[in-house]
Each structure stands twice: as structure tokens, then as C-alpha cells.
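Asks: My structure is stored as work22.json, with JSON, C-alpha atoms.
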[["chain", "number", "residue", "atom", "x", "y", "z"],
["A", 1, "MET", "CA", -4.76, 197.46, 135.60],
["A", 2, "LEU", "CA", -2.16, 196.10, 133.18],
["A", 3, "GLU", "CA", 1.45, 195.44, 134.13],
["A", 4, "ARG", "CA", 3.74, 197.51, 131.97],
["A", 5, "ILE", "CA", 6.20, 195.42, 129.97],
["A", 6, "ARG", "CA", 9.88, 196.11, 130.69],
["A", 7, "LYS", "CA", 11.90, 193.20, 129.30],
["A", 8, "GLY", "CA", 11.76, 189.77, 127.71],
["A", 9, "SER", "CA", 9.70, 188.65, 124.74],
["A", 10, "LEU", "CA", 7.25, 191.48, 124.14],
["A", 11, "VAL", "CA", 4.49, 189.35, 122.67],
["A", 12, "GLU", "CA", 4.78, 186.61, 125.31],
["A", 13, "THR", "CA", 4.82, 189.15, 128.11],
["A", 14, "ALA", "CA", 1.86, 191.02, 126.61],
["A", 15, "ILE", "CA", -0.07, 187.74, 126.45],
["A", 16, "GLU", "CA", 0.77, 187.03, 130.09],
["A", 17, "SER", "CA", -0.22, 190.53, 131.20],
["A", 18, "LEU", "CA", -3.57, 190.37, 129.40],
["A", 19, "ARG", "CA", -4.22, 186.82, 130.64],
["A", 20, "ASN", "CA", -3.46, 187.80, 134.24],
["A", 21, "ALA", "CA", -5.75, 190.83, 134.04],
["A", 22, "ILE", "CA", -8.61, 188.66, 132.78],
["A", 23, "GLU", "CA", -8.01, 185.95, 135.38],
["A", 24, "LYS", "CA", -7.89, 188.52, 138.20],
["A", 25, "GLY", "CA", -11.29, 189.81, 137.11],
["A", 26, "ASP", "CA", -10.21, 193.21, 135.77],
["A", 27, "TRP", "CA", -12.52, 192.32, 132.88],
["A", 28, "SER", "CA", -15.43, 189.91, 133.17],
["A", 29, "VAL", "CA", -16.86, 187.57, 130.56],
["A", 30, "GLY", "CA", -18.74, 189.69, 128.05],
["A", 31, "ASP", "CA", -16.72, 192.85, 128.74],
["A", 32, "ARG", "CA", -15.14, 194.68, 125.83],
["A", 33, "LEU", "CA", -11.41, 195.31, 126.06],
["A", 34, "PRO", "CA", -10.02, 198.83, 125.66],
["A", 35, "VAL", "CA", -9.18, 199.75, 122.08],
["A", 36, "GLU", "CA", -5.83, 198.73, 120.65],
["A", 37, "SER", "CA", -4.23, 202.15, 121.14],
["A", 38, "GLU", "CA", -5.14, 202.19, 124.85],
["A", 39, "LEU", "CA", -3.78, 198.68, 125.39],
["A", 40, "SER", "CA", -0.62, 199.65, 123.54],
["A", 41, "GLU", "CA", -0.10, 202.65, 125.79],
["A", 42, "SER", "CA", -0.90, 200.73, 129.00],
["A", 43, "LEU", "CA", 1.51, 197.92, 128.15],
["A", 44, "GLY", "CA", 4.19, 200.14, 126.67],
["A", 45, "VAL", "CA", 4.39, 198.14, 123.43],
["A", 46, "SER", "CA", 3.47, 198.68, 119.81],
["A", 47, "ARG", "CA", 0.02, 198.09, 118.38],
["A", 48, "ASN", "CA", 1.43, 195.19, 116.37],
["A", 49, "THR", "CA", 2.52, 193.49, 119.60],
["A", 50, "VAL", "CA", -0.92, 194.03, 121.14],
["A", 51, "ARG", "CA", -2.58, 192.71, 117.98],
["A", 52, "GLU", "CA", -0.48, 189.53, 118.06],
["A", 53, "ALA", "CA", -1.13, 188.97, 121.78],
["A", 54, "VAL", "CA", -4.87, 189.39, 121.25],
["A", 55, "ARG", "CA", -4.74, 186.98, 118.31],
["A", 56, "VAL", "CA", -3.15, 184.30, 120.52],
["A", 57, "LEU", "CA", -5.75, 184.76, 123.27],
["A", 58, "VAL", "CA", -8.51, 184.55, 120.67],
["A", 59, "HIS", "CA", -6.99, 181.29, 119.45],
["A", 60, "VAL", "CA", -7.01, 179.74, 122.96],
["A", 61, "GLY", "CA", -10.60, 180.86, 123.53],
["A", 62, "MET", "CA", -10.17, 183.61, 126.13],
["A", 63, "LEU", "CA", -11.08, 186.45, 123.77],
["A", 64, "GLU", "CA", -13.24, 186.89, 120.71],
["A", 65, "THR", "CA", -13.17, 189.63, 118.12],
["A", 66, "ARG", "CA", -16.38, 190.99, 116.67],
["A", 67, "GLN", "CA", -16.07, 192.65, 113.30],
["A", 68, "GLY", "CA", -16.46, 196.39, 113.66],
["A", 69, "ASP", "CA", -17.29, 196.12, 117.36],
["A", 70, "GLY", "CA", -14.07, 195.28, 119.21],
["A", 71, "THR", "CA", -12.59, 192.48, 121.30],
["A", 72, "TYR", "CA", -14.57, 190.82, 124.08],
["A", 73, "VAL", "CA", -13.72, 188.48, 126.97],
["A", 74, "ARG", "CA", -15.04, 185.02, 126.18],
["A", 75, "ALA", "CA", -13.56, 183.02, 129.09],
["A", 76, "THR", "CA", -11.57, 183.77, 132.23],
["A", 77, "ARG", "CA", -9.27, 180.76, 131.87],
["A", 78, "ASP", "CA", -6.77, 179.73, 129.22],
["A", 79, "ALA", "CA", -7.39, 175.98, 128.84],
["A", 80, "GLY", "CA", -3.80, 175.26, 127.86],
["A", 81, "GLU", "CA", -2.39, 177.19, 130.80],
["A", 82, "THR", "CA", -4.85, 175.48, 133.15],
["A", 83, "LEU", "CA", -3.61, 172.08, 131.97],
["A", 84, "ARG", "CA", -0.02, 173.15, 132.61],
["A", 85, "ARG", "CA", -0.96, 174.26, 136.12],
["A", 86, "ILE", "CA", -2.69, 170.94, 136.79],
["A", 87, "ALA", "CA", 0.45, 169.14, 135.63],
["A", 88, "ARG", "CA", 2.43, 171.06, 138.26],
["A", 89, "THR", "CA", 0.19, 169.98, 141.15],
["A", 90, "GLN", "CA", 1.15, 167.12, 143.46],
["A", 91, "LEU", "CA", 0.36, 163.61, 142.30],
["A", 92, "ALA", "CA", -1.82, 163.00, 145.37],
["A", 93, "GLU", "CA", -3.99, 166.00, 144.43],
["A", 94, "GLN", "CA", -4.36, 164.70, 140.89],
["A", 95, "LEU", "CA", -5.29, 161.27, 142.22],
["A", 96, "GLU", "CA", -7.95, 162.76, 144.51],
["A", 97, "VAL", "CA", -9.59, 164.46, 141.54],
["A", 98, "ARG", "CA", -9.36, 161.30, 139.45],
["A", 99, "ILE", "CA", -11.05, 159.30, 142.24],
["A", 100, "MET", "CA", -13.88, 161.86, 142.45],
["A", 101, "LEU", "CA", -14.48, 161.76, 138.70],
["A", 102, "GLU", "CA", -14.27, 157.98, 138.32],
["A", 103, "THR", "CA", -16.38, 157.25, 141.40],
["A", 104, "GLU", "CA", -19.28, 159.30, 140.05],
["A", 105, "ALA", "CA", -18.72, 157.89, 136.56],
["A", 106, "ALA", "CA", -18.89, 154.32, 137.87],
["A", 107, "LYS", "CA", -22.19, 154.95, 139.65],
["A", 108, "LEU", "CA", -23.72, 156.54, 136.55],
["A", 109, "ALA", "CA", -22.29, 153.83, 134.29],
["A", 110, "ALA", "CA", -23.90, 151.11, 136.40],
["A", 111, "HIS", "CA", -27.26, 152.78, 135.83],
["A", 112, "ARG", "CA", -26.86, 153.81, 132.17],
["A", 113, "ARG", "CA", -24.41, 151.39, 130.52],
["A", 114, "THR", "CA", -25.34, 149.79, 127.23],
["A", 115, "GLU", "CA", -24.24, 146.47, 125.78],
["A", 116, "GLN", "CA", -21.80, 148.37, 123.57],
["A", 117, "ASP", "CA", -20.33, 150.10, 126.64],
["A", 118, "LEU", "CA", -19.82, 146.70, 128.28],
["A", 119, "ARG", "CA", -18.07, 145.39, 125.16],
["A", 120, "HIS", "CA", -15.68, 148.36, 125.13],
["A", 121, "MET", "CA", -14.80, 147.94, 128.80],
["A", 122, "THR", "CA", -14.43, 144.16, 128.47],
["A", 123, "THR", "CA", -12.19, 144.49, 125.41],
["A", 124, "ALA", "CA", -9.93, 146.95, 127.24],
["A", 125, "LEU", "CA", -9.66, 144.76, 130.34],
["A", 126, "ASP", "CA", -8.98, 141.60, 128.33],
["A", 127, "ALA", "CA", -6.19, 143.45, 126.50],
["A", 128, "ARG", "CA", -4.83, 144.71, 129.83],
["A", 129, "ALA", "CA", -4.65, 141.14, 131.12],
["A", 130, "LYS", "CA", -2.94, 139.87, 127.96],
["A", 131, "ALA", "CA", -0.35, 142.67, 128.09],
["A", 132, "GLY", "CA", 1.48, 140.78, 130.83],
["A", 133, "ASP", "CA", 4.89, 142.32, 131.49],
["A", 134, "ASP", "CA", 4.57, 144.79, 128.60],
["A", 135, "LEU", "CA", 4.24, 147.85, 130.84],
["A", 136, "GLN", "CA", 3.41, 150.40, 128.14],
["A", 137, "ALA", "CA", 0.72, 148.16, 126.66],
["A", 138, "ARG", "CA", -0.79, 147.56, 130.11],
["A", 139, "ILE", "CA", -0.88, 151.31, 130.81],
["A", 140, "ARG", "CA", -2.47, 151.98, 127.42],
["A", 141, "HIS", "CA", -5.22, 149.39, 127.93],
["A", 142, "ASP", "CA", -5.74, 150.53, 131.53],
["A", 143, "GLU", "CA", -6.38, 154.05, 130.25],
["A", 144, "ALA", "CA", -8.75, 152.68, 127.61],
["A", 145, "PHE", "CA", -10.78, 150.89, 130.30],
["A", 146, "HIS", "CA", -11.14, 153.99, 132.48],
["A", 147, "HIS", "CA", -12.11, 156.15, 129.51],
["A", 148, "ALA", "CA", -14.68, 153.52, 128.48],
["A", 149, "LEU", "CA", -16.04, 153.50, 132.04],
["A", 150, "VAL", "CA", -16.47, 157.27, 132.02],
["A", 151, "ALA", "CA", -18.03, 157.16, 128.53],
["A", 152, "ALA", "CA", -20.57, 154.66, 129.88],
["A", 153, "SER", "CA", -21.82, 157.35, 132.29],
["A", 154, "HIS", "CA", -23.43, 159.04, 129.26],
["A", 155, "ASN", "CA", -22.91, 162.39, 130.95],
["A", 156, "SER", "CA", -21.41, 164.72, 128.34],
["A", 157, "ALA", "CA", -20.11, 167.23, 130.88],
["A", 158, "LEU", "CA", -18.37, 164.51, 132.93],
["A", 159, "ILE", "CA", -16.87, 162.95, 129.79],
["A", 160, "GLU", "CA", -15.52, 166.31, 128.61],
["A", 161, "LEU", "CA", -14.11, 167.10, 132.06],
["A", 162, "TYR", "CA", -12.41, 163.70, 132.26],
["A", 163, "ASP", "CA", -10.95, 164.12, 128.77],
["A", 164, "TYR", "CA", -9.73, 167.57, 129.77],
["A", 165, "PHE", "CA", -8.04, 166.00, 132.79],
["A", 166, "SER", "CA", -6.78, 162.99, 130.81],
["A", 167, "HIS", "CA", -3.10, 164.00, 130.85],
["A", 168, "ALA", "CA", -3.08, 163.97, 134.65],
["A", 169, "VAL", "CA", -5.01, 160.68, 134.57],
["A", 170, "SER", "CA", -2.28, 159.18, 132.38],
["A", 171, "GLN", "CA", 0.36, 160.39, 134.82],
["A", 172, "THR", "CA", -1.37, 158.77, 137.80],
["A", 173, "ILE", "CA", -1.84, 155.47, 135.93],
["A", 174, "GLU", "CA", 1.81, 155.39, 134.89],
["A", 175, "GLN", "CA", 2.97, 156.27, 138.40],
["A", 176, "THR", "CA", 0.92, 153.53, 140.09],
["A", 177, "GLU", "CA", 2.14, 151.01, 137.50],
["A", 178, "THR", "CA", 5.83, 151.91, 137.72],
["A", 179, "ASP", "CA", 6.40, 153.07, 141.31],
["A", 180, "ALA", "CA", 7.16, 150.03, 143.48],
["A", 181, "ASP", "CA", 6.11, 151.97, 146.60],
["A", 182, "LEU", "CA", 2.58, 152.53, 145.30],
["A", 183, "PRO", "CA", 0.01, 149.70, 145.42],
["A", 184, "GLU", "CA", -0.97, 148.81, 141.85],
["A", 185, "PRO", "CA", -4.71, 148.16, 141.29],
["A", 186, "SER", "CA", -4.91, 144.51, 140.25],
["A", 187, "GLN", "CA", -6.61, 142.96, 137.25],
["A", 188, "GLU", "CA", -9.10, 141.40, 139.66],
["A", 189, "ASP", "CA", -9.93, 144.83, 141.14],
["A", 190, "HIS", "CA", -10.80, 146.06, 137.65],
["A", 191, "GLU", "CA", -12.80, 142.92, 136.85],
["A", 192, "LEU", "CA", -14.87, 143.29, 140.01],
["A", 193, "LEU", "CA", -15.66, 146.90, 139.10],
["A", 194, "LEU", "CA", -16.75, 145.86, 135.63],
["A", 195, "ALA", "CA", -18.91, 143.09, 137.11],
["A", 196, "ALA", "CA", -20.72, 145.60, 139.34],
["A", 197, "VAL", "CA", -21.35, 147.87, 136.35],
["A", 198, "ARG", "CA", -22.56, 144.88, 134.32],
["A", 199, "ARG", "CA", -25.15, 143.85, 136.94],
["A", 200, "GLN", "CA", -26.12, 147.51, 137.44],
["A", 201, "ASP", "CA", -25.20, 147.63, 141.12],
["A", 202, "GLU", "CA", -24.67, 151.39, 141.48],
["A", 203, "GLY", "CA", -23.60, 151.36, 145.12],
["A", 204, "LYS", "CA", -21.08, 148.58, 144.64],
["A", 205, "ALA", "CA", -19.67, 150.14, 141.47],
["A", 206, "GLU", "CA", -19.22, 153.45, 143.31],
["A", 207, "SER", "CA", -17.45, 151.87, 146.30],
["A", 208, "LEU", "CA", -15.23, 149.66, 144.12],
["A", 209, "ALA", "CA", -14.17, 152.62, 141.97],
["A", 210, "ARG", "CA", -13.14, 154.49, 145.12],
["A", 211, "ALA", "CA", -11.38, 151.45, 146.58],
["A", 212, "LEU", "CA", -9.45, 150.89, 143.36],
["A", 213, "LEU", "CA", -7.17, 153.88, 143.93],
["A", 214, "LYS", "CA", -7.53, 154.57, 147.64],
["A", 215, "PRO", "CA", -4.46, 152.49, 148.67],
["A", 216, "SER", "CA", -2.27, 154.40, 146.19],
["A", 217, "LEU", "CA", -3.61, 157.72, 147.47],
["A", 218, "GLN", "CA", -2.94, 156.76, 151.10],
["A", 219, "ALA", "CA", 0.61, 155.67, 150.22],
["A", 220, "LEU", "CA", 1.26, 158.93, 148.39],
["A", 221, "LYS", "CA", -0.01, 161.01, 151.29],
["A", 222, "ARG", "CA", 2.23, 159.13, 153.73],
["A", 223, "ARG", "CA", 5.21, 159.72, 151.45],
["A", 224, "GLU", "CA", 4.46, 163.43, 150.88],
["A", 225, "SER", "CA", 3.72, 164.21, 154.54]]
Take the structure from the file and write it as C-alpha cells.

Replies:
Amino acid sequence: MLERIRKGSLVETAIESLRNAIEKGDWSVGDRLPVESELSESLGVSRNTVREAVRVLVHVGMLETRQGDGTYVRATRDAGETLRRIARTQLAEQLEVRIMLETEAAKLAAHRRTEQDLRHMTTALDARAKAGDDLQARIRHDEAFHHALVAASHNSALIELYDYFSHAVSQTIEQTETDADLPEPSQEDHELLLAAVRRQDEGKAESLARALLKPSLQALKRRES
């Protein structure tokens, strides 16, 4: 079940071995891990090394220890490692996911937005327009607008998922702003999206959110093909 450790950092390799076993399904959520001595023997490392590896996986949320009862699988994915894997995917793939999230968010926002939501989105777009040639400021205010749009969906799961994916979102925004070969969504494109959300036109908000990034996605796919 566990890959025996032969070289390298013992703790890091123990963490990786345990993480891989959990991700492969050797243990399911709710399963109790073998006792420390068994893990130590399977991995070929000391109990102290096993204890430290378990402590790290508890910290990232994959495992939980129950006093007097043992260590249990809490989740089959390490959130930090998942983010690193997302960061290694192609930009076009990240953009596809961003479009899916923001398209649904725009439709929900058009239906559920409050006056406060509209103020947040308007403030971010006004600041984006005033940023002018200050690229970093424009990127920062662009991000603020998209986060405000998603927040206006008032769907907690969607908001958490978007926040979880926010690093990749930042990368796609920066790439479309800085790469001359990628069409940059204009200020007007953003204003039209906000207008659709303001008048609660769900269909238009959904289509505009998709259209906002579609040219960049098509350009990326042509370049990567």
C-alpha cells in the first residue's frame, strides 16, 4: 500500500507517500489509519518521522487525530497541493474554468444583486477606468470587480470555489492584460456586463460574461494548438 522510503528528506517523502495513498483511495474518508508502529514499518522510517508527517497532513486538513482513538482520513485532497497542480495547468484550461464560474456567477448576480453589490462593482470599475496606463492598478481593480460580481451571486459554495481558484484567476487577468497577442476585455465590455446585472437581465449577463473572455480563450487555443 505505502511506498517504502529509500532516499531524500524522510519527512517530506513520508508526507508524499501518505498523501498519495489517500488520493489513490487506499483509505477512504472516515477510515482510520494503521497505528504509528505499522506505518513506521511500512515506510521504513522512525515513529518520529511518521508522527511529523501525520502532523503536517492534519494541518492541511487531510487527516484528523482523535484523542485516544487514532488518526482518521478527513479529506482525499490536500488543498495546497491541489492549488499547485492547478497552477501547473495550461492557461487555456484555467481560462475555461474561470469562464464557467463567472458565467454562472453573472446569471445569479443579475437575479440576486443588492444595491450594495452594485456599489462594490461600480467602485471597482470606476477605479479600473481611472487606472489608465498603470497596469498593476488596472489588474488589481479588474480582480476586485470580478470578485464583487461573484460575491453578488450570494452563493456561498460558488464564492468559496472562486476564492479557492483566485490565484489562477489572477494569472489569467494578468496574462490578458500584458500579452499583446491576447485580446484584452475592454472597459466598455465590463460596463455592459455591469449594466445587465443592474437591470437584472439574467440571460444578457450570462452571455456577456462568457463573451468577455471568449476571444482570449480562442486566441490561446490557436497559439497552443

Asks: Rounded to one decimal place, report the CA of Ala180 (chain A)-CA of Ile99 (chain A) distance in Å.

Replies: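 One can read the CA of Ala180 (chain A) to CA of Ile99 (chain A) distance as 20.5 Å.
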
Asks: Would you compute the distance between CA of Thr71 (chain A) and CA of Val45 (chain A)? Give it in Å to one decimal.

Replies: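 That distance, rounded to one decimal, is 18.0 Å.
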
Asks: Identify which of the residues A:Val150, A:Leu118, A:Ile159, A:Leu43 lies closest to Val197 (chain A), counting only C-alpha atoms when measuring atom-to-atom distances.

Replies: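 Once distances to Val197 (chain A) are computed over only C-alpha atoms, the minimum belongs to A:Leu118.
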
Asks: When distances are computed from all atoms listed in the file, which of A:Leu33, A:Leu101, A:Leu220, A:Ala79 shows the smallest separation from Thr176 (chain A)?

Replies: A:Leu220

Asks: Write out as number ranges by chain each polymer residue whose atoms come within 12 Å of Arg19 (chain A), counting all atoms listed in the file; drop sequence neighbours fewer than 4 positions from it.

Replies: A: 1-3, 12-15, 23-28, 53-54, 56-58, 60-63, 73-82

Asks: Which one is closest to Arg51 (chain A): A:Arg84, A:Asp31, A:Ala168, A:Leu10? Count only C-alpha atoms.

Replies: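 Closest candidate: A:Leu10.
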
Asks: Taking into account all atoms listed in the file, which residue in the set A:Ala195, A:Leu18, A:Leu158, A:Met100 is nearest to Met121 (chain A)?

Replies: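 Once distances to Met121 (chain A) are computed over all atoms listed in the file, the minimum belongs to A:Ala195.
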